[in-house]
$ cat target36.pdb   # PDB, C-alpha atoms and all ligand atoms
ATOM      1  CA  MET L  11      -3.201  16.202  -1.332
ATOM      2  CA  THR L  12       0.388  16.675  -0.261
ATOM      3  CA  SER L  13       1.912  15.764   3.077
ATOM      4  CA  THR L  14       5.249  16.613   4.637
ATOM      5  CA  ARG L  15       4.849  14.075   7.425
ATOM      6  CA  ARG L  16       6.848  10.903   7.438
ATOM      7  CA  ALA L  17       4.819   7.734   7.909
ATOM      8  CA  GLY L  18       4.514   6.902  11.633
ATOM      9  CA  THR L  19       7.056   5.589  14.073
ATOM     10  CA  VAL L  20       6.230   3.601  17.189
ATOM     11  CA  ASP L  21       7.772   6.294  19.419
ATOM     12  CA  ASP L  22       4.867   8.654  19.033
ATOM     13  CA  GLY L  23       4.623   9.291  22.738
ATOM     14  CA  VAL L  24       1.855   6.964  23.847
ATOM     15  CA  ASP L  25       2.350   3.789  25.865
ATOM     16  CA  GLY L  26       0.884   0.523  24.766
ATOM     17  CA  GLY L  27       1.423  -2.033  22.079
ATOM     18  CA  TRP L  28       2.725  -1.536  18.603
ATOM     19  CA  VAL L  29       3.842  -3.397  15.520
ATOM     20  CA  ALA L  30       7.107  -2.753  13.689
ATOM     21  CA  LEU L  31       7.657  -4.380  10.336
ATOM     22  CA  VAL L  32      11.411  -4.727  10.250
ATOM     23  CA  GLY L  33      13.381  -5.571   7.141
ATOM     24  CA  GLY L  34      16.050  -7.996   8.331
ATOM     25  CA  GLY L  35      18.189  -7.753   5.210
ATOM     26  CA  PRO L  36      19.331 -10.534   2.910
ATOM     27  CA  GLY L  37      20.594 -13.047   5.451
ATOM     28  CA  GLU L  38      23.637 -11.737   7.256
ATOM     29  CA  ALA L  39      23.036 -10.414  10.766
ATOM     30  CA  GLY L  40      25.137  -7.297  10.106
ATOM     31  CA  LEU L  41      22.899  -6.150   7.295
ATOM     32  CA  ILE L  42      19.913  -5.106   9.405
ATOM     33  CA  THR L  43      19.577  -1.326   9.926
ATOM     34  CA  ALA L  44      20.403   0.315  13.257
ATOM     35  CA  ARG L  45      16.724   1.231  13.693
ATOM     36  CA  GLY L  46      15.686  -2.342  12.972
ATOM     37  CA  ALA L  47      18.131  -3.707  15.552
ATOM     38  CA  GLU L  48      16.920  -1.158  18.110
ATOM     39  CA  LEU L  49      13.276  -2.161  17.752
ATOM     40  CA  LEU L  50      14.200  -5.846  17.784
ATOM     41  CA  ALA L  51      15.913  -5.298  21.141
ATOM     42  CA  ARG L  52      12.747  -3.620  22.495
ATOM     43  CA  ALA L  53      10.324  -6.295  21.287
ATOM     44  CA  ASP L  54       8.205  -8.507  23.545
ATOM     45  CA  VAL L  55       7.307 -10.756  20.612
ATOM     46  CA  VAL L  56       9.139 -11.399  17.345
ATOM     47  CA  VAL L  57       7.166 -12.961  14.497
ATOM     48  CA  VAL L  58       9.675 -14.334  11.980
ATOM     49  CA  ASP L  59       9.542 -15.164   8.301
ATOM     50  CA  ARG L  60      11.331 -18.127   6.757
ATOM     51  CA  LEU L  61      13.893 -15.922   5.003
ATOM     52  CA  ALA L  62      14.490 -13.578   7.932
ATOM     53  CA  PRO L  63      18.101 -13.823   9.168
ATOM     54  CA  ARG L  64      17.919 -16.386  11.973
ATOM     55  CA  ASP L  65      21.183 -15.254  13.530
ATOM     56  CA  LEU L  66      19.429 -12.096  14.673
ATOM     57  CA  LEU L  67      17.298 -14.169  17.044
ATOM     58  CA  ARG L  68      20.343 -15.168  19.072
ATOM     59  CA  GLY L  69      20.869 -11.580  20.162
ATOM     60  CA  LEU L  70      17.332 -11.077  21.498
ATOM     61  CA  THR L  71      16.717  -9.918  25.053
ATOM     62  CA  PRO L  72      16.163 -13.067  27.168
ATOM     63  CA  GLY L  73      12.451 -13.761  27.554
ATOM     64  CA  THR L  74      11.478 -12.403  24.149
ATOM     65  CA  GLU L  75       8.862 -14.676  22.614
ATOM     66  CA  VAL L  76       9.581 -15.919  19.093
ATOM     67  CA  VAL L  77       6.735 -16.983  16.825
ATOM     68  CA  ASP L  78       7.744 -18.810  13.649
ATOM     69  CA  ALA L  79       5.394 -17.817  10.870
ATOM     70  CA  SER L  80       7.546 -19.349   8.171
ATOM     71  CA  LYS L  81       5.865 -20.239   4.959
ATOM     72  CA  ARG L  82       7.020 -22.709   2.379
ATOM     73  CA  PRO L  83       5.886 -22.799  -1.241
ATOM     74  CA  GLY L  84       2.693 -24.837  -1.380
ATOM     75  CA  ASP L  85       2.508 -25.454   2.355
ATOM     76  CA  HIS L  86       1.694 -22.235   4.106
ATOM     77  CA  LEU L  87       2.170 -22.885   7.803
ATOM     78  CA  VAL L  88       0.402 -19.730   8.885
ATOM     79  CA  PRO L  89      -1.871 -18.117   6.284
ATOM     80  CA  GLN L  90      -1.399 -14.395   5.663
ATOM     81  CA  ASP L  91      -4.671 -13.370   7.316
ATOM     82  CA  GLY L  92      -3.618 -15.431  10.332
ATOM     83  CA  ILE L  93      -0.371 -13.459  10.535
ATOM     84  CA  ASP L  94      -2.220 -10.148  10.167
ATOM     85  CA  ALA L  95      -4.630 -11.153  12.933
ATOM     86  CA  LEU L  96      -1.806 -12.301  15.196
ATOM     87  CA  LEU L  97       0.098  -9.018  14.853
ATOM     88  CA  VAL L  98      -3.020  -6.971  15.565
ATOM     89  CA  ALA L  99      -4.152  -9.102  18.532
ATOM     90  CA  ARG L 100      -0.757  -9.001  20.206
ATOM     91  CA  ALA L 101      -0.386  -5.237  19.772
ATOM     92  CA  LEU L 102      -3.900  -4.626  21.100
ATOM     93  CA  ALA L 103      -2.955  -6.766  24.117
ATOM     94  CA  GLY L 104      -0.215  -4.195  24.781
ATOM     95  CA  HIS L 105       2.771  -6.054  23.378
ATOM     96  CA  ARG L 106       5.610  -4.594  21.360
ATOM     97  CA  VAL L 107       5.607  -6.748  18.276
ATOM     98  CA  VAL L 108       8.378  -6.952  15.712
ATOM     99  CA  ARG L 109       7.493  -8.638  12.463
ATOM    100  CA  LEU L 110      10.940  -9.649  11.207
ATOM    101  CA  LYS L 111      11.054 -10.162   7.478
ATOM    102  CA  GLY L 112      13.738 -11.077   4.973
ATOM    103  CA  GLY L 113      15.096  -8.223   2.854
ATOM    104  CA  ASP L 114      12.783  -5.231   2.703
ATOM    105  CA  PRO L 115       9.210  -5.534   4.010
ATOM    106  CA  TYR L 116       7.711  -3.855   0.947
ATOM    107  CA  VAL L 117       9.545  -5.803  -1.761
ATOM    108  CA  LEU L 118       7.419  -8.847  -2.608
ATOM    109  CA  GLY L 119       7.054  -9.479   1.096
ATOM    110  CA  ARG L 120       3.381  -8.681   1.731
ATOM    111  CA  GLY L 121       4.380  -5.936   4.154
ATOM    112  CA  GLY L 122       1.762  -3.623   2.704
ATOM    113  CA  GLU L 123      -1.017  -5.990   3.674
ATOM    114  CA  GLU L 124       0.261  -6.229   7.235
ATOM    115  CA  VAL L 125       0.469  -2.447   7.558
ATOM    116  CA  LEU L 126      -3.062  -2.008   6.240
ATOM    117  CA  ALA L 127      -4.367  -4.606   8.699
ATOM    118  CA  CYS L 128      -2.706  -2.738  11.592
ATOM    119  CA  ARG L 129      -4.011   0.641  10.463
ATOM    120  CA  ALA L 130      -7.514  -0.753  10.031
ATOM    121  CA  ALA L 131      -7.408  -1.997  13.619
ATOM    122  CA  GLY L 132      -6.029   1.315  14.929
ATOM    123  CA  VAL L 133      -2.690  -0.271  15.883
ATOM    124  CA  ARG L 134       0.443   1.921  15.806
ATOM    125  CA  VAL L 135       2.734   0.594  13.131
ATOM    126  CA  GLU L 136       6.190   1.463  11.833
ATOM    127  CA  VAL L 137       7.937   0.107   8.777
ATOM    128  CA  VAL L 138      11.717  -0.146   8.956
ATOM    129  CA  PRO L 139      13.168  -0.606   5.480
ATOM    130  CA  GLY L 140      15.653  -3.374   4.905
ATOM    131  CA  VAL L 141      18.400  -4.211   2.453
ATOM    132  CA  THR L 142      16.524  -6.082  -0.228
ATOM    133  CA  SER L 143      17.868  -9.357  -1.587
ATOM    134  CA  ALA L 144      16.974  -8.058  -5.045
ATOM    135  CA  VAL L 145      19.984  -5.755  -4.912
ATOM    136  CA  ALA L 146      22.138  -7.302  -2.177
ATOM    137  CA  VAL L 147      22.195 -10.920  -3.349
ATOM    138  CA  PRO L 148      23.488  -9.958  -6.819
ATOM    139  CA  ALA L 149      26.009  -7.741  -4.992
ATOM    140  CA  ALA L 150      27.160 -10.741  -2.949
ATOM    141  CA  ALA L 151      28.015 -12.344  -6.294
ATOM    142  CA  GLY L 152      29.846  -9.229  -7.482
ATOM    143  CA  ILE L 153      27.011  -8.147  -9.781
ATOM    144  CA  PRO L 154      25.971  -4.470  -9.725
ATOM    145  CA  VAL L 155      22.328  -4.128 -10.812
ATOM    146  CA  THR L 156      23.231  -0.977 -12.747
ATOM    147  CA  HIS L 157      26.602  -0.218 -14.290
ATOM    148  CA  ARG L 158      27.733   2.635 -16.487
ATOM    149  CA  GLY L 159      27.630   1.530 -20.095
ATOM    150  CA  LEU L 160      25.809  -1.726 -19.329
ATOM    151  CA  ALA L 161      22.521  -1.006 -17.548
ATOM    152  CA  ARG L 162      20.768   2.238 -16.755
ATOM    153  CA  GLY L 163      18.014   0.682 -14.727
ATOM    154  CA  PHE L 164      16.699  -2.551 -13.322
ATOM    155  CA  SER L 165      13.379  -4.230 -12.645
ATOM    156  CA  VAL L 166      12.576  -6.527  -9.767
ATOM    157  CA  VAL L 167       9.827  -8.939 -10.617
ATOM    158  CA  SER L 168       8.136 -11.872  -9.010
ATOM    159  CA  ALA L 169       8.598 -14.966 -11.138
ATOM    160  CA  HIS L 170       6.419 -17.094  -8.921
ATOM    161  CA  GLU L 171       3.798 -17.050 -11.679
ATOM    162  CA  ASP L 172       4.012 -15.998 -15.342
ATOM    163  CA  LEU L 173       6.126 -12.865 -15.707
ATOM    164  CA  ILE L 174       4.049  -9.732 -16.091
ATOM    165  CA  SER L 175       3.766  -8.767 -19.745
ATOM    166  CA  THR L 176       5.123  -5.279 -19.081
ATOM    167  CA  VAL L 177       8.519  -6.452 -17.844
ATOM    168  CA  PRO L 178      11.060  -4.384 -19.811
ATOM    169  CA  VAL L 179      13.076  -6.410 -22.309
ATOM    170  CA  ARG L 180      15.959  -4.121 -23.273
ATOM    171  CA  ARG L 181      19.675  -4.641 -23.518
ATOM    172  CA  ASP L 182      20.413  -1.732 -21.145
ATOM    173  CA  HIS L 183      17.990  -2.872 -18.451
ATOM    174  CA  THR L 184      18.710  -5.561 -15.844
ATOM    175  CA  LEU L 185      16.035  -8.028 -14.789
ATOM    176  CA  VAL L 186      16.073  -9.411 -11.272
ATOM    177  CA  LEU L 187      13.733 -12.342 -10.720
ATOM    178  CA  LEU L 188      12.683 -13.320  -7.218
ATOM    179  CA  MET L 189      10.910 -16.587  -6.418
ATOM    180  CA  GLY L 190      11.958 -17.698  -9.864
ATOM    181  CA  VAL L 191      13.382 -21.203  -9.492
ATOM    182  CA  ARG L 192      10.296 -23.296 -10.027
ATOM    183  CA  HIS L 193       9.112 -21.561 -13.183
ATOM    184  CA  LEU L 194      12.502 -20.662 -14.610
ATOM    185  CA  ARG L 195      12.026 -22.451 -17.938
ATOM    186  CA  ARG L 196       8.692 -20.753 -18.475
ATOM    187  CA  SER L 197      10.081 -17.322 -17.516
ATOM    188  CA  VAL L 198      12.981 -17.662 -19.949
ATOM    189  CA  ALA L 199      10.585 -18.703 -22.734
ATOM    190  CA  ILE L 200       8.419 -15.646 -22.072
ATOM    191  CA  LEU L 201      11.442 -13.350 -22.239
ATOM    192  CA  THR L 202      12.863 -14.833 -25.445
ATOM    193  CA  ASP L 203       9.401 -14.804 -27.060
ATOM    194  CA  ARG L 204       9.290 -11.133 -26.229
ATOM    195  CA  GLY L 205      12.562 -10.534 -28.050
ATOM    196  CA  ALA L 206      15.210 -10.926 -25.359
ATOM    197  CA  ASP L 207      18.589 -11.851 -26.894
ATOM    198  CA  PRO L 208      19.128 -15.555 -26.099
ATOM    199  CA  ARG L 209      22.827 -14.765 -25.524
ATOM    200  CA  THR L 210      22.143 -12.250 -22.748
ATOM    201  CA  PRO L 211      24.347 -13.063 -19.739
ATOM    202  CA  ALA L 212      22.432 -14.579 -16.817
ATOM    203  CA  ALA L 213      23.224 -15.690 -13.291
ATOM    204  CA  THR L 214      21.640 -17.595 -10.456
ATOM    205  CA  VAL L 215      22.719 -16.702  -6.941
ATOM    206  CA  GLU L 216      21.526 -19.277  -4.420
ATOM    207  CA  ARG L 217      21.525 -18.786  -0.643
ATOM    208  CA  GLY L 218      23.098 -15.331  -0.788
ATOM    209  CA  TYR L 219      25.230 -14.390   2.229
ATOM    210  CA  ARG L 220      25.119 -17.916   3.626
ATOM    211  CA  PRO L 221      28.232 -20.068   3.944
ATOM    212  CA  ASP L 222      27.004 -22.254   1.067
ATOM    213  CA  GLN L 223      26.235 -19.401  -1.336
ATOM    214  CA  ARG L 224      26.560 -20.574  -4.947
ATOM    215  CA  VAL L 225      26.859 -18.384  -8.035
ATOM    216  CA  THR L 226      26.347 -19.799 -11.516
ATOM    217  CA  THR L 227      26.665 -17.810 -14.715
ATOM    218  CA  THR L 228      25.560 -18.694 -18.221
ATOM    219  CA  ILE L 229      23.553 -17.142 -21.048
ATOM    220  CA  LEU L 230      19.810 -16.766 -21.193
ATOM    221  CA  HIS L 231      18.828 -19.608 -23.499
ATOM    222  CA  ARG L 232      20.988 -22.096 -21.606
ATOM    223  CA  LEU L 233      19.806 -20.952 -18.204
ATOM    224  CA  PRO L 234      16.980 -23.508 -17.710
ATOM    225  CA  ASP L 235      19.180 -26.493 -18.662
ATOM    226  CA  VAL L 236      22.130 -25.273 -16.631
ATOM    227  CA  ALA L 237      19.918 -24.640 -13.597
ATOM    228  CA  GLU L 238      18.365 -28.070 -13.915
ATOM    229  CA  ALA L 239      21.711 -29.801 -14.382
ATOM    230  CA  ILE L 240      23.211 -28.329 -11.240
ATOM    231  CA  GLY L 241      19.981 -28.521  -9.231
ATOM    232  CA  VAL L 242      19.415 -24.838  -8.498
ATOM    233  CA  SER L 243      17.135 -24.496  -5.485
ATOM    234  CA  ALA L 244      15.355 -21.730  -3.583
ATOM    235  CA  PRO L 245      16.093 -19.230  -2.247
ATOM    236  CA  ALA L 246      17.784 -17.859  -5.322
ATOM    237  CA  VAL L 247      17.942 -14.553  -7.119
ATOM    238  CA  ILE L 248      18.150 -14.721 -10.906
ATOM    239  CA  VAL L 249      19.870 -11.866 -12.721
ATOM    240  CA  ILE L 250      19.530 -11.361 -16.460
ATOM    241  CA  GLY L 251      21.566  -8.689 -18.205
ATOM    242  CA  ASP L 252      25.014  -7.584 -19.278
ATOM    243  CA  VAL L 253      25.849  -6.577 -15.689
ATOM    244  CA  VAL L 254      26.434 -10.286 -15.005
ATOM    245  CA  THR L 255      29.727  -9.961 -16.918
ATOM    246  CA  VAL L 256      31.098  -7.789 -14.102
ATOM    247  CA  SER L 257      30.974 -10.756 -11.704
ATOM    248  CA  PRO L 258      34.212 -12.641 -11.013
ATOM    249  CA  ALA L 259      32.138 -15.809 -11.585
ATOM    250  CA  TRP L 260      31.501 -14.744 -15.201
ATOM    251  CA  LYS L 261      35.161 -14.000 -15.787
ATOM    252  CA  LYS L 262      36.096 -17.478 -14.545
ATOM    253  CA  ARG L 263      33.524 -19.053 -16.788
ATOM    254  CA  ALA L 264      34.447 -17.035 -19.862
ATOM    255  CA  ALA L 265      38.221 -17.256 -19.783
ATOM    256  CA  PRO L 266      39.490 -20.462 -18.177
ATOM    257  CA  ARG L 267      43.277 -20.551 -17.808
ATOM    258  CA  GLY L 268      43.564 -16.990 -19.128
ATOM    259  CA  ARG L 269      42.369 -17.747 -22.649
ATOM    260  CA  PRO L 270      40.177 -15.136 -24.320
ATOM    261  CA  ALA L 271      36.445 -15.494 -23.804
ATOM    262  CA  PRO L 272      34.873 -17.955 -26.247
ATOM    263  CA  ARG L 273      31.850 -16.813 -28.234
ATOM    264  CA  PRO L 274      28.776 -18.127 -26.451
TER
HETATM  265  N1  LIG U 301      11.210  -9.069   0.844
HETATM  266  C1  LIG U 301      12.309  -9.880   0.353
HETATM  267  C2  LIG U 301      11.887 -10.747  -0.828
HETATM  268  C3  LIG U 301      10.796 -11.752  -0.509
HETATM  269  S1  LIG U 301      10.437 -12.824  -1.855
HETATM  270  C4  LIG U 301      13.484  -8.982  -0.012
HETATM  271  O1  LIG U 301      13.338  -7.763  -0.101
HETATM  272  O2  LIG U 301      14.587  -9.518  -0.167
HETATM  273  C5  LIG U 301      11.510 -14.202  -1.505
HETATM  274  C6  LIG U 301      12.574 -14.310  -2.570
HETATM  275  O3  LIG U 301      13.659 -13.464  -2.266
HETATM  276  C7  LIG U 301      13.200 -15.685  -2.701
HETATM  277  O4  LIG U 301      12.398 -16.556  -3.465
HETATM  278  C8  LIG U 301      14.492 -15.352  -3.413
HETATM  279  O5  LIG U 301      14.252 -15.089  -4.778
HETATM  280  C9  LIG U 301      14.856 -14.034  -2.753
HETATM  281  N2  LIG U 301      15.808 -14.176  -1.626
HETATM  282  C10 LIG U 301      15.640 -13.697  -0.387
HETATM  283  N3  LIG U 301      16.730 -13.930   0.369
HETATM  284  C11 LIG U 301      17.613 -14.578  -0.427
HETATM  285  C12 LIG U 301      18.943 -15.080  -0.236
HETATM  286  N4  LIG U 301      19.580 -14.982   0.921
HETATM  287  N5  LIG U 301      19.548 -15.678  -1.293
HETATM  288  C13 LIG U 301      18.931 -15.795  -2.481
HETATM  289  N6  LIG U 301      17.686 -15.338  -2.708
HETATM  290  C14 LIG U 301      17.039 -14.731  -1.702
END
$ encode --input "target36.pdb" --output "structure tokens"
Amino acid sequence: MTSTRRAGTVDDGVDGGWVALVGGGPGEAGLITARGAELLARADVVVVDRLAPRDLLRGLTPGTEVVDASKRPGDHLVPQDGIDALLVARALAGHRVVRLKGGDPYVLGRGGEEVLACRAAGVRVEVVPGVTSAVAVPAAAGIPVTHRGLARGFSVVSAHEDLISTVPVRRDHTLVLLMGVRHLRRSVAILTDRGADPRTPAATVERGYRPDQRVTTTILHRLPDVAEAIGVSAPAVIVIGDVVTVSPAWKKRAAPRGRPAPRP
């Protein structure tokens, strides 16, 4: 079957409640889309994720209800089915509900599950894409995920559990690990076992777009020790690949006081 219709918007002409899954971007208020900001301004209720940009809440129409559905690793404040049920119940009660998420709703953010729950309940739902941290947080550190001559593609993978065995290990392919801090040592071991060059440049970018953003560059086999030594903590994006060398942070590391880069 083919279709030329775009997936639904909440402006389809009928009154009543709806749910919009809005990608809030990687942390800076200015990086939400215009459509996302518009729906946020029209919301009666905003259900926020832990990594959703909090600054956006300051601009809400007075009287907008804010529900904090933040989840922390290991201590889920509101379980996913509770969030799904909340979104559906509020929309069926006639409310305009914005589910504000960090980054893009469909990138490791369980947005798909929320959309399916709404559709199953007959609730109008719109998904507003967001700027994903997988691309934007490396960019905040000056790292392009692809770069002519260095990487022709990139993969975004969850490193919350063991890396999937199909993750591409190639010199011309960048790996972007999300949720990767806790199991970093294990992830690096999996990659090197699979033939990744231990000298591949690697970076951690913690708290992208926040005032205390920290960028650390090293090479793959040193990454776990370096991360441990400096106490890398979530949220962080981990980038593995030659594109890391484009970052000003890499240049500083590799050539202190203008000397040529030492061999790793
Ligand atoms: N849907 C989100 C990703 C959710 S998974 C998106 O598209 O961006 C959560 C992971 O995203 C975190 O563990 C971390 O790896 C990454 N992340 C999100 N925001 C971040 C930020 N501001 N700085 C660093 N990492 C971030």
$ residues_near_ligand --input "target36.pdb" --ligand "ligand LIG 301 (chain U)" --cutoff "9 Å" --atoms "only C-alpha atoms and all ligand atoms" --output "number ranges by chain"
L: 33-38, 61-63, 111-121, 140-148, 168-170, 186-191, 214-220, 223, 244-248
$ residues_near_point --input "target36.pdb" --point "(11.2, -12.8, 23.9)" --cutoff "9 Å" --atoms "all atoms listed in the file" --output "ChimeraX atom specification"
/L:53-56,70-76
$ write_last_selection --input "target36.pdb" --atoms "C-alpha atoms" --output "compact mmCIF listing (two decimals), in the frame of the given file"
# COMPACT_ATOMS: atom_id res chain seq x y z
CA ALA L 53 10.32 -6.30 21.29
CA ASP L 54 8.20 -8.51 23.54
CA VAL L 55 7.31 -10.76 20.61
CA VAL L 56 9.14 -11.40 17.34
CA LEU L 70 17.33 -11.08 21.50
CA THR L 71 16.72 -9.92 25.05
CA PRO L 72 16.16 -13.07 27.17
CA GLY L 73 12.45 -13.76 27.55
CA THR L 74 11.48 -12.40 24.15
CA GLU L 75 8.86 -14.68 22.61
CA VAL L 76 9.58 -15.92 19.09
$ atom_distance --input "target36.pdb" --atom1 "CA of Gly152 (chain L)" --atom2 "CA of Pro178 (chain L)"
23.0 Å
$ atom_distance --input "target36.pdb" --atom1 "CA of Arg15 (chain L)" --atom2 "CA of Arg129 (chain L)"
16.4 Å
$ residues_around --input "target36.pdb" --residues "Val125 (chain L)" --least-positions-apart "3" --cutoff "12 Å" --atoms "all atoms listed in the file" --output "number ranges by chain"
L: 17-18, 28-32, 93-95, 97-98, 109, 115-116, 119-122, 128-138
$ closest_residue --input "target36.pdb" --among "L:Asp91, L:Val58, L:Val166, L:Pro211" --to "Glu123 (chain L)" --atoms "all atoms listed in the file"
L:Asp91
$ atom_distance --input "target36.pdb" --atom1 "CA of Leu66 (chain L)" --atom2 "CA of Ile153 (chain L)"
25.9 Å
$ closest_residue --input "target36.pdb" --among "L:Ala103, L:Val108, L:Leu173, L:Leu126" --to "Val57 (chain L)" --atoms "only C-alpha atoms"
L:Val108
$ residues_around --input "target36.pdb" --residues "Gly159 (chain L)" --least-positions-apart "4" --cutoff "12 Å" --atoms "only C-alpha atoms" --output "PyMOL selection string"
chain L and resi 163+181-183+252-253+256
$ closest_residue --input "target36.pdb" --among "L:Gly104, L:Pro139, L:Pro221, L:Pro154" --to "Pro258 (chain L)" --atoms "only C-alpha atoms"
L:Pro154
$ closest_residue --input "target36.pdb" --among "L:Pro208, L:Asp78, L:Val198, L:Arg192" --to "Ser243 (chain L)" --atoms "all atoms listed in the file"
L:Arg192
$ residues_around --input "target36.pdb" --residues "region 227-235 of chain L" --least-positions-apart "6" --cutoff "10 Å" --atoms "all atoms listed in the file" --output "number ranges by chain"
L: 191, 193-199, 201-202, 206-215, 241-242, 248-252, 254-255, 257-264, 274
$ closest_residue --input "target36.pdb" --among "L:Leu49, L:Leu41, L:Val107, L:Leu185" --to "Thr156 (chain L)" --atoms "only C-alpha atoms"
L:Leu185
$ closest_residue --input "target36.pdb" --among "L:Arg180, L:Ile174, L:Arg60, L:Gly40" --to "Leu160 (chain L)" --atoms "only C-alpha atoms"
L:Arg180
